Structures are given as structure tokens and as C-alpha cells.
>>> print(open('coords.csv').read())   # CSV, C-alpha atoms
chain,number,residue,atom,x,y,z
A,5,MET,CA,139.4,-199.1,50.6
A,6,LYS,CA,141.2,-200.8,53.4
A,7,ALA,CA,138.1,-200.3,55.5
A,8,HIS,CA,136.0,-202.2,52.9
A,9,ARG,CA,138.4,-205.1,52.9
A,10,PHE,CA,138.5,-205.2,56.6
A,11,MET,CA,134.6,-205.1,56.7
A,12,LEU,CA,134.4,-207.8,54.0
A,13,PHE,CA,136.9,-210.0,56.0
A,14,ALA,CA,134.9,-209.5,59.2
A,15,VAL,CA,131.6,-210.4,57.5
A,16,LEU,CA,133.1,-213.6,55.9
A,17,MET,CA,134.5,-214.7,59.3
A,18,SER,CA,131.2,-214.1,61.0
A,19,LEU,CA,129.4,-216.2,58.3
A,20,CYS,CA,131.9,-219.0,58.7
A,21,THR,CA,131.6,-219.0,62.5
A,22,VAL,CA,127.8,-219.2,62.2
A,23,ALA,CA,128.0,-222.0,59.6
A,24,PHE,CA,130.4,-224.1,61.7
A,25,ALA,CA,128.3,-223.5,64.9
A,26,GLN,CA,125.1,-224.6,63.1
A,27,SER,CA,126.9,-227.7,61.7
A,28,ASP,CA,128.0,-228.6,65.3
A,29,MET,CA,124.5,-228.2,66.6
A,30,GLU,CA,123.1,-230.4,63.8
A,31,LYS,CA,125.7,-233.1,64.7
A,32,SER,CA,124.8,-232.8,68.4
A,33,ASP,CA,121.1,-233.2,67.6
A,34,ALA,CA,121.8,-236.2,65.3
A,35,GLN,CA,123.9,-237.8,68.0
A,36,LYS,CA,121.1,-237.3,70.6
A,37,SER,CA,118.4,-238.7,68.3
A,38,SER,CA,120.6,-241.8,67.4
A,39,VAL,CA,120.7,-242.7,71.1
A,40,ALA,CA,117.4,-244.4,71.9
A,41,ALA,CA,115.8,-243.4,75.1
A,42,VAL,CA,115.4,-246.2,77.6
A,43,PRO,CA,111.7,-246.6,78.3
A,44,SER,CA,110.6,-246.1,81.9
A,45,GLU,CA,108.7,-248.8,83.9
A,46,ALA,CA,105.5,-246.9,83.3
A,47,GLN,CA,106.1,-246.9,79.5
A,48,LYS,CA,106.9,-250.6,79.6
A,49,SER,CA,103.7,-251.3,81.5
A,50,PHE,CA,101.7,-249.2,79.0
A,51,ALA,CA,103.3,-251.0,76.1
A,52,THR,CA,102.2,-254.3,77.6
A,53,LEU,CA,98.6,-253.1,77.8
A,54,LYS,CA,98.8,-251.7,74.3
A,55,SER,CA,99.8,-255.2,73.1
A,56,LEU,CA,96.2,-256.2,74.1
A,57,ALA,CA,94.6,-253.8,71.7
A,58,GLY,CA,91.7,-255.6,69.9
A,59,GLU,CA,88.3,-257.2,70.4
A,60,TRP,CA,88.2,-259.8,73.1
A,61,GLU,CA,85.4,-262.0,74.5
A,62,GLY,CA,85.2,-264.2,77.5
A,63,PRO,CA,82.7,-266.3,79.5
A,64,PRO,CA,80.8,-264.7,82.4
A,65,PRO,CA,82.9,-264.5,85.6
A,66,PRO,CA,82.4,-267.5,87.9
A,67,GLY,CA,79.4,-267.1,90.1
A,68,ASP,CA,77.8,-264.5,87.8
A,69,ALA,CA,74.0,-265.2,87.7
A,70,ARG,CA,73.8,-263.6,84.2
A,71,ASP,CA,74.8,-266.5,82.0
A,72,VAL,CA,76.1,-264.3,79.2
A,73,ARG,CA,79.5,-263.8,77.6
A,74,GLN,CA,81.4,-260.5,78.0
A,75,ASP,CA,83.0,-258.4,75.2
A,76,ALA,CA,86.0,-256.2,75.9
A,77,HIS,CA,87.4,-253.7,73.5
A,78,LEU,CA,90.8,-252.2,74.1
A,79,ALA,CA,92.1,-249.6,71.6
A,80,ALA,CA,94.4,-246.6,71.3
A,81,CYS,CA,92.2,-243.6,71.4
A,82,ASP,CA,94.6,-240.9,70.0
A,83,VAL,CA,96.7,-240.7,67.0
A,84,GLU,CA,100.0,-240.9,68.9
A,85,GLY,CA,98.9,-243.9,70.9
A,86,ASN,CA,99.3,-242.1,74.2
A,87,ALA,CA,96.1,-243.3,75.7
A,88,LEU,CA,94.1,-246.5,75.7
A,89,VAL,CA,90.4,-247.0,76.2
A,90,HIS,CA,89.0,-250.3,77.7
A,91,GLU,CA,85.3,-250.9,77.3
A,92,LEU,CA,83.4,-253.8,78.8
A,93,GLN,CA,79.9,-254.9,78.1
A,94,GLU,CA,77.7,-258.0,78.0
A,95,ALA,CA,78.0,-259.7,74.7
A,96,GLY,CA,75.1,-259.2,72.3
A,97,THR,CA,73.6,-256.2,74.2
A,98,PRO,CA,73.1,-252.8,72.6
A,99,LEU,CA,75.4,-249.9,73.6
A,100,ASP,CA,72.9,-248.4,76.0
A,101,ALA,CA,74.4,-247.5,79.4
A,102,THR,CA,71.0,-246.7,80.8
A,103,LYS,CA,70.0,-250.4,80.6
A,104,TYR,CA,73.3,-252.4,80.6
A,105,ASP,CA,76.6,-252.2,82.3
A,106,HIS,CA,79.2,-250.5,80.2
A,107,PRO,CA,82.2,-249.4,82.3
A,108,VAL,CA,85.0,-247.5,80.5
A,109,THR,CA,88.6,-247.3,81.7
A,110,MET,CA,91.3,-245.0,80.3
A,111,PHE,CA,95.0,-245.8,80.6
A,112,TYR,CA,97.8,-243.3,80.0
A,113,VAL,CA,101.4,-242.5,81.2
A,114,ASP,CA,101.5,-239.5,83.5
A,115,GLY,CA,105.2,-238.6,84.2
A,116,ASP,CA,106.7,-241.8,85.7
A,117,GLN,CA,103.3,-243.4,86.5
A,118,LEU,CA,101.0,-245.7,84.5
A,119,THR,CA,97.7,-244.2,85.4
A,120,LEU,CA,94.1,-245.3,84.8
A,121,ILE,CA,90.7,-243.7,85.5
A,122,HIS,CA,87.8,-246.2,85.7
A,123,TYR,CA,84.5,-244.6,84.8
A,124,CYS,CA,82.3,-247.0,86.7
A,125,ASP,CA,78.6,-247.7,86.2
A,126,ALA,CA,78.2,-247.2,89.9
A,127,GLY,CA,78.9,-243.5,89.4
A,128,ASN,CA,82.4,-243.2,90.7
A,129,ARG,CA,85.8,-242.6,89.1
A,130,PRO,CA,88.8,-244.2,90.9
A,131,ARG,CA,92.2,-243.0,89.7
A,132,MET,CA,94.9,-245.7,90.0
A,133,THR,CA,98.5,-246.3,89.3
A,134,GLY,CA,99.9,-249.5,88.0
A,135,LYS,CA,103.1,-251.5,88.0
A,136,MET,CA,104.3,-254.5,85.9
A,137,SER,CA,105.4,-257.7,87.5
A,138,PRO,CA,109.0,-258.7,87.2
A,139,ASP,CA,108.1,-261.4,84.6
A,140,GLY,CA,106.5,-258.7,82.4
A,141,LYS,CA,103.1,-260.6,82.2
A,142,THR,CA,101.0,-258.9,84.8
A,143,VAL,CA,100.0,-255.2,85.3
A,144,GLU,CA,98.4,-254.6,88.7
A,145,PHE,CA,96.9,-251.3,89.8
A,146,GLU,CA,96.3,-249.7,93.2
A,147,ARG,CA,93.9,-246.9,93.9
A,148,GLN,CA,95.2,-243.4,94.5
A,149,ASP,CA,92.0,-241.5,95.0
A,150,ILE,CA,88.3,-241.6,94.0
A,151,SER,CA,85.5,-239.2,93.2
A,152,GLY,CA,81.8,-239.6,92.7
A,153,VAL,CA,79.3,-242.0,94.4
A,154,LEU,CA,81.0,-244.4,96.8
A,155,ARG,CA,78.5,-247.3,97.0
A,156,CYS,CA,80.5,-249.8,95.0
A,157,ILE,CA,84.2,-249.2,94.4
A,158,CYS,CA,86.6,-250.8,92.0
A,159,THR,CA,89.8,-251.2,94.0
A,160,ILE,CA,92.3,-253.5,92.2
A,161,PRO,CA,92.3,-254.3,88.5
A,162,VAL,CA,94.9,-256.8,87.4
A,163,PHE,CA,95.7,-257.7,83.7
A,164,THR,CA,97.6,-260.9,83.1
A,165,ILE,CA,98.8,-261.9,79.7
A,166,ILE,CA,98.7,-265.7,79.2
A,167,ASP,CA,99.7,-265.7,75.5
A,168,ALA,CA,99.2,-263.6,72.4
A,169,ASN,CA,95.5,-264.7,72.2
A,170,HIS,CA,94.5,-265.0,75.9
A,171,HIS,CA,94.6,-262.8,79.0
A,172,THR,CA,92.8,-262.5,82.3
A,173,GLU,CA,91.2,-259.4,83.8
A,174,ASP,CA,90.6,-259.4,87.5
A,175,TRP,CA,88.5,-256.6,88.8
A,176,THR,CA,88.1,-256.4,92.6
A,177,PHE,CA,85.3,-254.4,94.0
A,178,MET,CA,84.2,-253.2,97.5
A,179,MET,CA,80.5,-252.8,98.3
A,180,GLY,CA,80.2,-251.7,101.9
A,181,THR,CA,82.4,-254.1,103.8
A,182,SER,CA,82.0,-256.9,101.2
A,183,ARG,CA,84.8,-257.5,98.8
A,184,PHE,CA,84.5,-259.5,95.6
A,185,THR,CA,86.5,-260.2,92.5
A,186,ARG,CA,85.3,-260.7,88.9
A,187,THR,CA,87.7,-262.6,86.8
A,188,SER,CA,87.3,-262.9,83.1
A,189,THR,CA,89.6,-265.0,80.9
A,190,CYS,CA,89.5,-263.3,77.6
A,191,SER,CA,90.1,-264.9,74.2
A,192,GLU,CA,90.7,-262.8,71.1
A,193,GLU,CA,87.8,-263.1,68.6
A,194,LEU,CA,88.8,-264.4,65.2
A,195,THR,CA,87.3,-261.3,63.6
A,196,GLY,CA,89.5,-258.9,65.7
A,197,ALA,CA,93.1,-259.7,64.9
A,198,ASN,CA,95.5,-258.4,67.5
A,199,PRO,CA,97.9,-255.9,65.9
>>> encode(input="coords.csv", output="C-alpha cells")
Amino acid sequence: MKAHRFMLFAVLMSLCTVAFAQSDMEKSDAQKSSVAAVPSEAQKSFATLKSLAGEWEGPPPPGDARDVRQDAHLAACDVEGNALVHELQEAGTPLDATKYDHPVTMFYVDGDQLTLIHYCDAGNRPRMTGKMSPDGKTVEFERQDISGVLRCICTIPVFTIIDANHHTEDWTFMMGTSRFTRTSTCSEELTGANP
């Protein structure tokens, strides 16, 4: 009988120990989750680009012989919002990459880097990393590596936020030894409200 009492006492003590340990773990997890993680510079830069999600349009870049407007679409492409897709095409043209320019750029955070891969109509894919300016209005990228055809290479994209409804996109390219920049000042279309 004494053995049963001792066994019962040992089981009850074990259950209490487990219950208190679990309670302490839950408190520790609650304390961890109540402390908000400080976003990294890459996450801040990505959030700046995410703020541009929407449908944008702008005049042709200065000096462009094609007197047509450009449409840009920037949207989160996954449920969690971990990646953005940027698509650019001439306004009013069908979505036919065999006849019209239609470069696509993907943005995502990779570790402590804001990364983009630009799928260029010229057949190459530069991978770049970006940083935000101290004033928080400009995100500038620099090329890390490139694959594919190297006849025309996008080297430095720069996104500058002017206000909630306007931004500029500067895309600098190299073709042989020539360097040129296409700047578009984009305005949000009335039909595509910026979230």
C-alpha cells in the first residue's frame, strides 16, 4: 500500500513539473512574439517597393522614337507577399512578347539582401542587389552577375518615390560600349488604386 502511495505521489509530482514547464514555455513564446522584430534594411527596401503595387502609366522616355505611353504593373506574386513582379510594356499593345517589348523583373528578399532578377527582352537575366537611400525615397540596384545573351545589358535600375501617386524608374543599359538610361515618370492610373 505504501508503494502505491509513493507511486501516486511520484506521478502527481511529475505531472505538476510537466505542467509548470509547459506554462513557462508558453510564457516565453508569448514574450518573444510580443517583441516585434526590427526589419532589416533589405526588408525596409522591399516594403518601399511594395508600396508601389498597382497599375502605373507614364510617357515614353525622353528621346524614345516610339511616341507611345508605357504601362507598368507592380504586384505581389505570392500569398505571403514575399515576392514582387514588375512588368513593363507599351501602352495599348497586346501581351505578345514575340512582337513587343515586355521585360519582367522579380524582387525578393534573400537573407539580408534585396534581390532582383530582370528577365530582359534581350535574352539575359541580370541578378542585382539593392539598397535604399538614407531619405527612404530611392532604391538603387547594382549588378551581381548575369546569364544569357550579353548584347544589351540592364545595369542599374533606380526607383524613386516622388509621392503616393508618382514615381520614377531609371533603367540604365549597356550596349557594347554605349551606355544609355531610360527614365519614366510614372503616374498611378485612376482605375488602379494603390493599396
>>> residues_around(input="coords.csv", residues="region 175-182 of chain A", least_positions_apart="3", cutoff="9 Å", atoms="only C-alpha atoms", output="PDB file with C-alpha atoms, in the frame of the given file")
ATOM      1  CA  LEU A 154      81.000-244.400  96.800  1.00  0.00           C
ATOM      2  CA  ARG A 155      78.500-247.300  97.000  1.00  0.00           C
ATOM      3  CA  CYS A 156      80.500-249.800  95.000  1.00  0.00           C
ATOM      4  CA  ILE A 157      84.200-249.200  94.400  1.00  0.00           C
ATOM      5  CA  CYS A 158      86.600-250.800  92.000  1.00  0.00           C
ATOM      6  CA  THR A 159      89.800-251.200  94.000  1.00  0.00           C
ATOM      7  CA  ILE A 160      92.300-253.500  92.200  1.00  0.00           C
ATOM      8  CA  PRO A 161      92.300-254.300  88.500  1.00  0.00           C
ATOM      9  CA  VAL A 162      94.900-256.800  87.400  1.00  0.00           C
ATOM     10  CA  PHE A 163      95.700-257.700  83.700  1.00  0.00           C
ATOM     11  CA  THR A 185      86.500-260.200  92.500  1.00  0.00           C
ATOM     12  CA  ARG A 186      85.300-260.700  88.900  1.00  0.00           C
ATOM     13  CA  THR A 187      87.700-262.600  86.800  1.00  0.00           C
ATOM     14  CA  SER A 188      87.300-262.900  83.100  1.00  0.00           C
TER      15      SER A 188
END
>>> residues_around(input="coords.csv", residues="Asp167 (chain A)", least_positions_apart="6", cutoff="12 Å", atoms="only C-alpha atoms", output="short mmCIF file (atom, residue, chain, number, x, y, z; two decimals) with C-alpha atoms, in the coordinates of the input")
data_model
loop_
_atom_site.label_atom_id
_atom_site.label_comp_id
_atom_site.auth_asym_id
_atom_site.auth_seq_id
_atom_site.Cartn_x
_atom_site.Cartn_y
_atom_site.Cartn_z
CA THR A 52 102.20 -254.30 77.60
CA SER A 55 99.80 -255.20 73.10
CA LEU A 56 96.20 -256.20 74.10
CA GLY A 140 106.50 -258.70 82.40
CA LYS A 141 103.10 -260.60 82.20
CA THR A 142 101.00 -258.90 84.80
CA THR A 189 89.60 -265.00 80.90
CA CYS A 190 89.50 -263.30 77.60
CA SER A 191 90.10 -264.90 74.20
CA GLU A 192 90.70 -262.80 71.10
CA ASN A 198 95.50 -258.40 67.50
#
>>> atom_distance(input="coords.csv", atom1="CA of Leu92 (chain A)", atom2="CA of Tyr123 (chain A)")
11.0 Å
>>> atom_distance(input="coords.csv", atom1="CA of Asp149 (chain A)", atom2="CA of Arg131 (chain A)")
5.5 Å
>>> residues_around(input="coords.csv", residues="Met132 (chain A)", least_positions_apart="4", cutoff="8 Å", atoms="all atoms listed in the file", output="list in words")
Thr119, Leu120, Ile121, Phe145, Glu146, Arg147, Gln148 and Asp149 of chain A
>>> residues_around(input="coords.csv", residues="Phe50 (chain A)", least_positions_apart="6", cutoff="9 Å", atoms="only C-alpha atoms", output="list in words")
Asn86, Ala87, Leu88, Phe111, Tyr112, Val113, Leu118 and Val143 of chain A
>>> atom_distance(input="coords.csv", atom1="CA of Ser49 (chain A)", atom2="CA of Phe184 (chain A)")
25.2 Å
>>> build_atoms(input="coords.csv", residues="region 130-143 of chain A", atoms="N, CA, C and O atoms", output="mmCIF file, keeping the file's coordinate frame")
data_model
loop_
_atom_site.group_PDB
_atom_site.id
_atom_site.type_symbol
_atom_site.label_atom_id
_atom_site.label_comp_id
_atom_site.auth_asym_id
_atom_site.auth_seq_id
_atom_site.Cartn_x
_atom_site.Cartn_y
_atom_site.Cartn_z
ATOM 1 N N PRO A 130 87.489 -243.988 90.195
ATOM 2 C CA PRO A 130 88.800 -244.200 90.900
ATOM 3 C C PRO A 130 89.932 -243.897 89.923
ATOM 4 O O PRO A 130 89.866 -244.225 88.740
ATOM 5 N N ARG A 131 90.954 -243.259 90.460
ATOM 6 C CA ARG A 131 92.200 -243.000 89.700
ATOM 7 C C ARG A 131 93.235 -243.956 90.359
ATOM 8 O O ARG A 131 93.382 -243.993 91.589
ATOM 9 N N MET A 132 93.930 -244.731 89.524
ATOM 10 C CA MET A 132 94.900 -245.700 90.000
ATOM 11 C C MET A 132 96.190 -245.642 89.280
ATOM 12 O O MET A 132 96.238 -245.147 88.159
ATOM 13 N N THR A 133 97.232 -246.159 89.916
ATOM 14 C CA THR A 133 98.500 -246.300 89.300
ATOM 15 C C THR A 133 98.913 -247.746 89.227
ATOM 16 O O THR A 133 98.553 -248.514 90.120
ATOM 17 N N GLY A 134 99.625 -248.129 88.163
ATOM 18 C CA GLY A 134 99.900 -249.500 88.000
ATOM 19 C C GLY A 134 101.422 -249.805 87.825
ATOM 20 O O GLY A 134 102.196 -248.921 87.456
ATOM 21 N N LYS A 135 101.758 -251.058 88.108
ATOM 22 C CA LYS A 135 103.100 -251.500 88.000
ATOM 23 C C LYS A 135 103.108 -252.900 87.316
ATOM 24 O O LYS A 135 102.199 -253.686 87.536
ATOM 25 N N MET A 136 104.147 -253.169 86.542
ATOM 26 C CA MET A 136 104.300 -254.500 85.900
ATOM 27 C C MET A 136 105.051 -255.414 86.796
ATOM 28 O O MET A 136 105.969 -255.007 87.505
ATOM 29 N N SER A 137 104.677 -256.684 86.739
ATOM 30 C CA SER A 137 105.400 -257.700 87.500
ATOM 31 C C SER A 137 106.778 -257.918 86.912
ATOM 32 O O SER A 137 107.023 -257.588 85.745
ATOM 33 N N PRO A 138 107.690 -258.486 87.700
ATOM 34 C CA PRO A 138 109.000 -258.700 87.200
ATOM 35 C C PRO A 138 109.093 -259.597 85.933
ATOM 36 O O PRO A 138 109.966 -259.422 85.095
ATOM 37 N N ASP A 139 108.123 -260.521 85.790
ATOM 38 C CA ASP A 139 108.100 -261.400 84.600
ATOM 39 C C ASP A 139 107.531 -260.705 83.378
ATOM 40 O O ASP A 139 107.551 -261.251 82.273
ATOM 41 N N GLY A 140 106.979 -259.494 83.535
ATOM 42 C CA GLY A 140 106.500 -258.700 82.400
ATOM 43 C C GLY A 140 105.108 -259.196 81.891
ATOM 44 O O GLY A 140 104.669 -258.750 80.846
ATOM 45 N N LYS A 141 104.410 -260.058 82.635
ATOM 46 C CA LYS A 141 103.100 -260.600 82.200
ATOM 47 C C LYS A 141 101.919 -260.029 82.866
ATOM 48 O O LYS A 141 100.801 -260.203 82.406
ATOM 49 N N THR A 142 102.114 -259.375 83.980
ATOM 50 C CA THR A 142 101.000 -258.900 84.800
ATOM 51 C C THR A 142 101.159 -257.394 85.077
ATOM 52 O O THR A 142 102.251 -256.956 85.434
ATOM 53 N N VAL A 143 100.070 -256.645 84.908
ATOM 54 C CA VAL A 143 100.000 -255.200 85.300
ATOM 55 C C VAL A 143 98.966 -255.118 86.380
ATOM 56 O O VAL A 143 97.799 -255.443 86.140
#
